[in-house]
Amino acid sequence: MVSVSGSKFRDPSICDVAYKDPIKAKSVHFIGEKDWLKVPSEELASAFADPLIIRHPQGHTVPRLGLHSPLSFHANNCRNFL
């Protein structure tokens, strides 16, 4: 599962089932330091058993992971993780 600025479900009847136990699926979470969904994204990541969290300095956007990006080392982490 790949999450960019994600958040948990809000409906209590869904949450009771979806987050009862840690989610055991592999997951990558891109979280922007200036994103207005930073806290909800962190809450979603915490619902997974072993999330890979990639933080970037931008806001509510998909970060660039190209060869010349300051985040380029994360591209290999994502490939290896998934």
# chains A, B, ... in the order shown; residues from 1 in each chain; ligands from 1
>>> residues_around(residues="range 37-54 of chain A", least_positions_apart="3", cutoff="7 Å", atoms="only C-alpha atoms", output="list in words")
Ser5, Gly6, Ser7, Lys8, Tyr19, Pro22, Ile23, Lys24, Lys26, Ser27, Val28, His29, Phe30, Ile31, Gly32 and Glu33 of chain A
>>> select_by_dssp(residues="range 9-75 of chain A", states="helix (DSSP H, G or I)", output="VMD selection string")
chain A and resid 12 to 18 38 to 45 72 to 75
>>> write_last_selection(atoms="all heavy atoms", output="tab-separated table (two decimals), in the first residue's frame")
chain	number	residue	atom	x	y	z
A	12	PRO	N	-16.79	5.35	12.95
A	12	PRO	CA	-16.44	4.45	14.05
A	12	PRO	C	-16.73	2.98	13.75
A	12	PRO	O	-15.98	2.10	14.17
A	12	PRO	CB	-17.29	4.95	15.22
A	12	PRO	CG	-17.58	6.37	14.89
A	12	PRO	CD	-17.66	6.44	13.39
A	13	SER	N	-17.81	2.70	13.01
A	13	SER	CA	-18.13	1.30	12.73
A	13	SER	C	-17.09	0.66	11.82
A	13	SER	O	-16.82	-0.54	11.91
A	13	SER	CB	-19.53	1.18	12.11
A	13	SER	OG	-19.57	1.81	10.84
A	14	ILE	N	-16.47	1.44	10.95
A	14	ILE	CA	-15.39	0.94	10.09
A	14	ILE	C	-14.10	0.86	10.88
A	14	ILE	O	-13.35	-0.12	10.79
A	14	ILE	CB	-15.22	1.83	8.85
A	14	ILE	CG1	-16.48	1.77	7.98
A	14	ILE	CG2	-13.99	1.42	8.05
A	14	ILE	CD1	-16.49	2.75	6.83
A	15	CYS	N	-13.82	1.88	11.68
A	15	CYS	CA	-12.57	1.93	12.46
A	15	CYS	C	-12.46	0.77	13.42
A	15	CYS	O	-11.37	0.23	13.62
A	15	CYS	CB	-12.48	3.25	13.22
A	15	CYS	SG	-12.27	4.68	12.16
A	16	ASP	N	-13.58	0.40	14.04
A	16	ASP	CA	-13.57	-0.70	15.00
A	16	ASP	C	-13.06	-2.00	14.37
A	16	ASP	O	-12.42	-2.81	15.03
A	16	ASP	CB	-14.97	-0.93	15.57
A	16	ASP	CG	-15.42	0.19	16.50
A	16	ASP	OD1	-14.55	1.00	16.91
A	16	ASP	OD2	-16.62	0.27	16.79
A	17	VAL	N	-13.33	-2.17	13.09
A	17	VAL	CA	-12.89	-3.38	12.38
A	17	VAL	C	-11.52	-3.17	11.73
A	17	VAL	O	-10.61	-3.97	11.89
A	17	VAL	CB	-13.94	-3.77	11.31
A	17	VAL	CG1	-13.45	-4.96	10.50
A	17	VAL	CG2	-15.27	-4.06	11.95
A	18	ALA	N	-11.37	-2.05	11.03
A	18	ALA	CA	-10.16	-1.81	10.24
A	18	ALA	C	-8.91	-1.66	11.08
A	18	ALA	O	-7.82	-2.07	10.67
A	18	ALA	CB	-10.35	-0.58	9.36
A	38	LYS	N	-0.48	16.19	7.81
A	38	LYS	CA	0.68	15.53	8.43
A	38	LYS	C	0.26	14.64	9.59
A	38	LYS	O	0.64	13.47	9.65
A	38	LYS	CB	1.70	16.58	8.89
A	38	LYS	CG	2.90	15.97	9.57
A	38	LYS	CD	3.87	17.05	10.05
A	38	LYS	CE	5.00	16.44	10.84
A	38	LYS	NZ	5.88	17.45	11.42
A	39	VAL	N	-0.49	15.18	10.53
A	39	VAL	CA	-0.89	14.40	11.70
A	39	VAL	C	-1.78	13.21	11.31
A	39	VAL	O	-1.53	12.08	11.74
A	39	VAL	CB	-1.56	15.30	12.77
A	39	VAL	CG1	-2.14	14.47	13.90
A	39	VAL	CG2	-0.54	16.29	13.32
A	40	PRO	N	-2.82	13.41	10.47
A	40	PRO	CA	-3.61	12.24	10.05
A	40	PRO	C	-2.77	11.20	9.30
A	40	PRO	O	-3.02	10.00	9.44
A	40	PRO	CB	-4.68	12.84	9.13
A	40	PRO	CG	-4.82	14.25	9.59
A	40	PRO	CD	-3.44	14.66	10.00
A	41	SER	N	-1.78	11.64	8.53
A	41	SER	CA	-0.90	10.69	7.82
A	41	SER	C	-0.08	9.87	8.81
A	41	SER	O	0.12	8.67	8.62
A	41	SER	CB	0.03	11.44	6.88
A	41	SER	OG	-0.69	12.06	5.84
A	42	GLU	N	0.41	10.52	9.85
A	42	GLU	CA	1.18	9.81	10.88
A	42	GLU	C	0.29	8.83	11.63
A	42	GLU	O	0.72	7.71	11.97
A	42	GLU	CB	1.81	10.81	11.84
A	42	GLU	CG	2.89	11.64	11.19
A	42	GLU	CD	3.39	12.80	12.02
A	42	GLU	OE1	2.62	13.30	12.90
A	42	GLU	OE2	4.52	13.23	11.80
A	43	GLU	N	-0.95	9.21	11.88
A	43	GLU	CA	-1.90	8.31	12.55
A	43	GLU	C	-2.18	7.09	11.70
A	43	GLU	O	-2.26	5.97	12.21
A	43	GLU	CB	-3.18	9.05	12.88
A	43	GLU	CG	-3.00	10.10	13.97
A	43	GLU	CD	-4.22	11.00	14.15
A	43	GLU	OE1	-5.17	10.92	13.33
A	43	GLU	OE2	-4.21	11.78	15.11
A	44	LEU	N	-2.33	7.29	10.38
A	44	LEU	CA	-2.55	6.15	9.49
A	44	LEU	C	-1.33	5.23	9.50
A	44	LEU	O	-1.46	4.02	9.62
A	44	LEU	CB	-2.84	6.62	8.06
A	44	LEU	CG	-2.97	5.51	7.03
A	44	LEU	CD1	-4.13	4.58	7.35
A	44	LEU	CD2	-3.13	6.11	5.63
A	45	ALA	N	-0.14	5.79	9.38
A	45	ALA	CA	1.08	4.98	9.37
A	45	ALA	C	1.20	4.15	10.65
A	45	ALA	O	1.62	2.99	10.61
A	45	ALA	CB	2.31	5.87	9.20
A	72	SER	N	16.45	11.21	-3.25
A	72	SER	CA	16.70	10.10	-4.18
A	72	SER	C	17.04	8.79	-3.47
A	72	SER	O	16.72	7.72	-3.97
A	72	SER	CB	17.81	10.46	-5.16
A	72	SER	OG	19.02	10.69	-4.47
A	73	PHE	N	17.68	8.85	-2.31
A	73	PHE	CA	18.01	7.61	-1.60
A	73	PHE	C	16.76	6.83	-1.20
A	73	PHE	O	16.81	5.63	-1.01
A	73	PHE	CB	18.90	7.89	-0.39
A	73	PHE	CG	18.23	8.69	0.70
A	73	PHE	CD1	17.62	8.05	1.76
A	73	PHE	CD2	18.22	10.07	0.65
A	73	PHE	CE1	17.00	8.79	2.77
A	73	PHE	CE2	17.61	10.81	1.64
A	73	PHE	CZ	17.00	10.17	2.69
A	74	HIS	N	15.62	7.50	-1.08
A	74	HIS	CA	14.38	6.81	-0.72
A	74	HIS	C	13.84	5.95	-1.86
A	74	HIS	O	13.12	4.99	-1.60
A	74	HIS	CB	13.31	7.80	-0.29
A	74	HIS	CG	13.57	8.42	1.05
A	74	HIS	ND1	13.67	7.69	2.19
A	74	HIS	CD2	13.77	9.71	1.40
A	74	HIS	CE1	13.90	8.49	3.21
A	74	HIS	NE2	13.96	9.72	2.76
A	75	ALA	N	14.19	6.27	-3.09
A	75	ALA	CA	13.69	5.47	-4.22
A	75	ALA	C	14.14	4.02	-4.07
A	75	ALA	O	13.35	3.10	-4.26
A	75	ALA	CB	14.16	6.07	-5.53
>>> select_by_dssp(residues="range 11-76 of chain A", states="strand (DSSP E or B)", output="list of chain:residue names")
A:Ile23, A:Val28, A:His29, A:Phe30, A:Ile31, A:Gly32, A:Phe48, A:Leu52, A:Ile53, A:Ile54, A:Arg55, A:His56
>>> write_last_selection(atoms="all heavy atoms", output="compact mmCIF listing (two decimals), in the first residue's frame")
# COMPACT_ATOMS: atom_id res chain seq x y z
N ILE A 23 -2.22 -3.50 11.00
CA ILE A 23 -2.36 -3.96 9.62
C ILE A 23 -1.03 -4.55 9.19
O ILE A 23 0.01 -3.89 9.28
CB ILE A 23 -2.80 -2.81 8.70
CG1 ILE A 23 -4.13 -2.24 9.19
CG2 ILE A 23 -2.89 -3.27 7.25
CD1 ILE A 23 -4.52 -0.92 8.55
N VAL A 28 4.08 2.02 2.41
CA VAL A 28 4.99 3.15 2.31
C VAL A 28 4.13 4.40 2.48
O VAL A 28 3.10 4.55 1.82
CB VAL A 28 5.71 3.20 0.95
CG1 VAL A 28 6.62 4.41 0.87
CG2 VAL A 28 6.50 1.92 0.72
N HIS A 29 4.56 5.29 3.36
CA HIS A 29 3.80 6.50 3.67
C HIS A 29 4.67 7.72 3.40
O HIS A 29 5.72 7.89 4.03
CB HIS A 29 3.37 6.49 5.15
CG HIS A 29 2.59 5.28 5.52
ND1 HIS A 29 1.22 5.28 5.57
CD2 HIS A 29 2.99 4.01 5.82
CE1 HIS A 29 0.80 4.07 5.91
NE2 HIS A 29 1.85 3.29 6.06
N PHE A 30 4.26 8.55 2.46
CA PHE A 30 4.94 9.80 2.16
C PHE A 30 4.27 10.89 2.98
O PHE A 30 3.07 11.14 2.81
CB PHE A 30 4.86 10.13 0.67
CG PHE A 30 5.64 9.17 -0.19
CD1 PHE A 30 5.02 8.04 -0.72
CD2 PHE A 30 6.97 9.40 -0.46
CE1 PHE A 30 5.73 7.15 -1.51
CE2 PHE A 30 7.69 8.51 -1.25
CZ PHE A 30 7.07 7.39 -1.77
N ILE A 31 5.04 11.53 3.85
CA ILE A 31 4.48 12.53 4.76
C ILE A 31 5.25 13.83 4.62
O ILE A 31 6.46 13.86 4.86
CB ILE A 31 4.49 12.04 6.22
CG1 ILE A 31 3.69 10.74 6.35
CG2 ILE A 31 3.96 13.12 7.16
CD1 ILE A 31 3.74 10.10 7.72
N GLY A 32 4.55 14.90 4.24
CA GLY A 32 5.18 16.21 4.08
C GLY A 32 5.20 16.98 5.39
O GLY A 32 4.21 17.00 6.12
N PHE A 48 -0.20 0.51 10.90
CA PHE A 48 0.47 -0.60 10.21
C PHE A 48 1.54 -1.21 11.11
O PHE A 48 2.17 -0.51 11.91
CB PHE A 48 1.07 -0.12 8.89
CG PHE A 48 0.04 0.11 7.83
CD1 PHE A 48 -0.71 1.28 7.83
CD2 PHE A 48 -0.21 -0.84 6.86
CE1 PHE A 48 -1.68 1.51 6.87
CE2 PHE A 48 -1.19 -0.63 5.89
CZ PHE A 48 -1.92 0.54 5.90
N LEU A 52 6.98 1.82 6.27
CA LEU A 52 8.13 2.59 5.81
C LEU A 52 7.63 4.02 5.64
O LEU A 52 6.74 4.28 4.83
CB LEU A 52 8.67 2.05 4.48
CG LEU A 52 9.77 2.88 3.82
CD1 LEU A 52 11.00 2.99 4.71
CD2 LEU A 52 10.14 2.28 2.47
N ILE A 53 8.16 4.93 6.44
CA ILE A 53 7.73 6.33 6.41
C ILE A 53 8.82 7.16 5.75
O ILE A 53 9.97 7.14 6.17
CB ILE A 53 7.43 6.85 7.83
CG1 ILE A 53 6.31 6.04 8.46
CG2 ILE A 53 7.08 8.33 7.78
CD1 ILE A 53 6.05 6.35 9.92
N ILE A 54 8.43 7.87 4.70
CA ILE A 54 9.34 8.76 3.99
C ILE A 54 8.85 10.18 4.20
O ILE A 54 7.75 10.53 3.77
CB ILE A 54 9.43 8.41 2.50
CG1 ILE A 54 9.99 6.99 2.35
CG2 ILE A 54 10.29 9.44 1.76
CD1 ILE A 54 10.05 6.49 0.95
N ARG A 55 9.64 10.95 4.88
CA ARG A 55 9.28 12.35 5.16
C ARG A 55 9.96 13.26 4.14
O ARG A 55 11.10 13.02 3.76
CB ARG A 55 9.70 12.74 6.58
CG ARG A 55 8.97 11.90 7.62
CD ARG A 55 9.28 12.33 9.04
NE ARG A 55 8.60 11.48 9.98
CZ ARG A 55 7.36 11.65 10.39
NH1 ARG A 55 6.65 12.66 9.94
NH2 ARG A 55 6.80 10.82 11.25
N HIS A 56 9.24 14.27 3.73
CA HIS A 56 9.79 15.24 2.79
C HIS A 56 9.46 16.64 3.29
O HIS A 56 8.53 16.83 4.09
CB HIS A 56 9.28 15.00 1.37
CG HIS A 56 7.81 15.11 1.21
ND1 HIS A 56 7.18 16.31 0.95
CD2 HIS A 56 6.82 14.18 1.27
CE1 HIS A 56 5.87 16.11 0.86
NE2 HIS A 56 5.63 14.83 1.06
